[in-house]
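**Student:** I am attaching a structure below and will ask some questions about it afterwards.
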Amino acid sequence: MIKPADVSTKRLISLAPDNWVKWVTQIPDIVAGEILNSEFQWISRESDVLIRVESPQHGKFLVLNELQLRYKPEMPRRMRAYTALAEEKYNLPTYPVLINILKASDAEIPTSYASNIAGLRAIQDYRVINLWEVDVNIAFAQPLPSLLPFVPILKGGDNESTIRDALRILRADEQLNQLETVLGFFATFVLDSAIVQQILRWDMALLEQSPWYQEIFSKGEERGEARGEARGELRGRKEELYSGIELALEIKFGNQGLELMPIISQITDLQKLKAIQQAIKTVNTVNELQQVLSTNLT
């Protein structure tokens, strides 16, 4: 049986760093070097992966990889900040890349940040890669093992046959087989949970032990626990559950899921809120979740 493992972004990219930087920069002769510390002194935030690279044409520079589960409007400003901090820390020019994993809306995602105050301009360009626009064949052909866990959400990868192909590759390689839980996590976004269980041949309870899964569904709880200290135990627990539910809805269903929050916020019973939070992990559609809500509203 597969066991939960370190499947962080850095771990994924380190599987084939040369192929990764060639793909994100589209510079064919680029060579990856050291994966650097991306913690910056002035802000308590780490960019996902910072890689020192070298190219005959462009010399030595950094590739900053920022992965977002879903794009958020504040990302252009963040990309400007992360790029400047990386250049300041390592004294090298930086090629920033924003990689969005799941589609949040049909709105166009900007590829630059710009501000103008009294004629003084700040401009930061960056490359945007939306995984739902990336042809799934790239993961198999280049090869890019770092993309294999994302196969279900790549363009053309949302089918049982292709997911099984990716799974076979992961299971055949000792370095890659620990990424099976990540593949399973993203497979639940495009296939029924029952089919995912059949394909992977393990219970969904194992998926909930995945570091990705735990990180996503615990963020809202952590946020609520901090609020609870200041607002009293009962009220704080409610805030914790509301935060966890809201984050889980955004991650799994995007804006369509968030539209249910006004209904959920009317529920004050802690047990019902816990049931809703658990249901989000197992339902496959917003309609299924609405049925759960109808039960808990009565």
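Ligands are numbered from 1 in the order shown, chains are lettered A, B, ... in the order of the structure tokens, and residues start at 1 in each chain.
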List every residue of region 53-253 of chain A that DSSP, applied to the backbone of this structure, places in strand (DSSP E or B), and write the result as a ChimeraX atom specification.

**Tutor:** /A:53-55,59-70,94-102,112-117,120-125,127-130,135,155

**Student:** Considering only C-alpha atoms, can you say which of A:Ala32, A:Leu144, A:Ile276, A:Val97 comes closest to Asp125 (chain A)?

**Tutor:**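 The shortest atom-to-atom distance to Asp125 (chain A) comes from A:Val97.
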
**Student:** Go through A:Val182, A:Thr25, A:Asp173, A:Gly59 one by one, measure the shortest atom-to-atom distance of each to Leu147 (chain A) using only C-alpha atoms, and give the residue with the smallest value.

**Tutor:** A:Val182

**Student:** With only C-alpha atoms as the atoms that count, which of A:Tyr71, A:Tyr90, A:Tyr95, A:Phe185 lies nearest to Ile27 (chain A)?

**Tutor:** A:Tyr95

**Student:** Go through A:Arg168, A:Leu176, A:Phe186, A:Glu133 one by one, measure the shortest atom-to-atom distance of each to Pro152 (chain A) using only C-alpha atoms, and give the residue with the smallest value.

**Tutor:** A:Phe186

**Student:** Excluding region 279-290 of chain A and any residue of its chain fewer than 3 positions from it, enumerate the residues within 8 Å of it, using only C-alpha atoms, and give them as a list in words.

**Tutor:** Thr188, Phe189, Leu191, Asp192, Ser193, Ile245, Ala248, Leu249, Lys252, Phe253, Gln256, Gly257, Ala275, Ile276, Leu293 and Ser294 of chain A

**Student:** Which one is closest to Lys274 (chain A): A:Val292, A:Val31, A:Leu179, A:Ala141? Count only C-alpha atoms.

**Tutor:** A:Val292

**Student:** Using only C-alpha atoms, which of the listed residues (A:Lys10, A:Lys22, A:Lys272, A:Lys238) sits closest to Pro143 (chain A)?

**Tutor:**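 Looking at the shortest contact to Pro143 (chain A), the residue is A:Lys22.
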
**Student:** Find the distance between CA of Lys60 (chain A) and CA of Gln26 (chain A) and write it in Å to one decimal.

**Tutor:** 15.8 Å

**Student:** Tell me which protein, DNA and RNA residues are within 9 Å of Ala86 (chain A), counting only C-alpha atoms, leaving out same-chain ones fewer than 5 positions away, and put them as a list in words.

**Tutor:**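 Within the cut-off, the hits are Ser38, Phe40, Leu50, Leu62, Leu64, Ala81, Asn91, Leu92, Pro93 and Thr94 of chain A.
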
**Student:** Could you list, as a ChimeraX atom specification, every residue within 12 Å of Arg127 (chain A), counting only C-alpha atoms and ignoring same-chain residues fewer than 4 positions away?

**Tutor:** /A:23-26,63-67,76,79-80,94-100,109-113

**Student:** Go ahead and save the residues from that selection, with N, CA, C and O atoms, as a compact mmCIF listing (two decimals), in the first residue's frame.

**Tutor:**
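In the end it all went to selection.txt:
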```txt
# COMPACT_ATOMS: atom_id res chain seq x y z
N TRP A 23 11.00 23.89 -19.88
CA TRP A 23 9.57 24.02 -20.17
C TRP A 23 9.01 25.37 -19.73
O TRP A 23 8.34 26.05 -20.50
N VAL A 24 9.31 25.78 -18.51
CA VAL A 24 8.69 27.02 -18.00
C VAL A 24 9.27 28.26 -18.66
O VAL A 24 8.60 29.30 -18.74
N THR A 25 10.53 28.20 -19.13
CA THR A 25 11.13 29.39 -19.75
C THR A 25 11.09 29.35 -21.27
O THR A 25 11.25 30.39 -21.92
N GLN A 26 10.91 28.15 -21.84
CA GLN A 26 10.99 27.96 -23.29
C GLN A 26 12.36 28.35 -23.84
O GLN A 26 12.49 28.78 -24.99
N VAL A 63 15.32 31.27 -11.87
CA VAL A 63 13.95 31.00 -12.31
C VAL A 63 13.10 30.86 -11.05
O VAL A 63 13.33 29.97 -10.22
N LEU A 64 12.15 31.76 -10.89
CA LEU A 64 11.25 31.75 -9.74
C LEU A 64 9.95 31.09 -10.14
O LEU A 64 9.26 31.56 -11.05
N ASN A 65 9.62 29.98 -9.51
CA ASN A 65 8.41 29.22 -9.82
C ASN A 65 7.39 29.44 -8.71
O ASN A 65 7.60 29.00 -7.58
N GLU A 66 6.30 30.08 -9.01
CA GLU A 66 5.24 30.32 -8.02
C GLU A 66 4.00 29.54 -8.44
O GLU A 66 3.37 29.85 -9.46
N LEU A 67 3.66 28.48 -7.72
CA LEU A 67 2.49 27.66 -8.02
C LEU A 67 1.32 28.08 -7.16
O LEU A 67 1.45 28.18 -5.94
N PRO A 76 -0.29 39.58 -9.28
CA PRO A 76 0.67 40.45 -9.98
C PRO A 76 1.56 41.22 -9.01
O PRO A 76 2.79 41.30 -9.20
N MET A 79 4.05 38.81 -7.45
CA MET A 79 5.12 38.42 -8.37
C MET A 79 6.18 39.50 -8.46
O MET A 79 7.38 39.21 -8.54
N ARG A 80 5.75 40.75 -8.43
CA ARG A 80 6.71 41.85 -8.42
C ARG A 80 7.57 41.80 -7.16
O ARG A 80 8.80 41.93 -7.22
N THR A 94 16.14 37.72 -12.53
CA THR A 94 15.18 36.66 -12.21
C THR A 94 14.11 36.55 -13.29
O THR A 94 13.56 37.56 -13.74
N TYR A 95 13.83 35.32 -13.68
CA TYR A 95 12.77 35.00 -14.64
C TYR A 95 11.61 34.42 -13.82
O TYR A 95 11.64 33.26 -13.41
N PRO A 96 10.55 35.22 -13.57
CA PRO A 96 9.45 34.75 -12.73
C PRO A 96 8.37 34.03 -13.55
O PRO A 96 8.02 34.47 -14.65
N VAL A 97 7.86 32.94 -12.99
CA VAL A 97 6.82 32.14 -13.65
C VAL A 97 5.69 31.89 -12.65
O VAL A 97 5.94 31.39 -11.55
N LEU A 98 4.49 32.24 -13.03
CA LEU A 98 3.30 31.96 -12.22
C LEU A 98 2.57 30.78 -12.85
O LEU A 98 2.15 30.85 -14.01
N ILE A 99 2.43 29.69 -12.10
CA ILE A 99 1.78 28.49 -12.60
C ILE A 99 0.47 28.29 -11.83
O ILE A 99 0.48 28.08 -10.61
N ASN A 100 -0.65 28.40 -12.53
CA ASN A 100 -1.96 28.24 -11.93
C ASN A 100 -2.45 26.81 -12.18
O ASN A 100 -2.48 26.36 -13.33
N ILE A 109 -5.98 36.22 -17.28
CA ILE A 109 -5.00 36.36 -16.20
C ILE A 109 -3.86 37.23 -16.69
O ILE A 109 -3.23 36.94 -17.70
N PRO A 110 -3.59 38.34 -16.00
CA PRO A 110 -2.54 39.26 -16.45
C PRO A 110 -1.16 38.64 -16.37
O PRO A 110 -0.89 37.75 -15.55
N THR A 111 -0.26 39.13 -17.23
CA THR A 111 1.12 38.64 -17.29
C THR A 111 2.12 39.71 -16.86
O THR A 111 3.31 39.57 -17.12
N SER A 112 1.63 40.77 -16.22
CA SER A 112 2.54 41.81 -15.74
C SER A 112 1.89 42.62 -14.63
O SER A 112 0.67 42.62 -14.49
N TYR A 113 2.73 43.28 -13.86
CA TYR A 113 2.29 44.23 -12.85
C TYR A 113 2.78 45.60 -13.28
O TYR A 113 3.91 45.76 -13.75
```

**Student:** What does the distance from CA of Ile101 (chain A) to CA of Leu36 (chain A) come to in Å, to one decimal?

**Tutor:**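 Computing it gives 22.7 Å between the two atoms.
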
**Student:** Take CA of Asp106 (chain A) and CA of Phe150 (chain A) and report the distance between them in Å, one decimal.

**Tutor:**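 For CA of Asp106 (chain A) relative to CA of Phe150 (chain A), the distance reads 20.3 Å.
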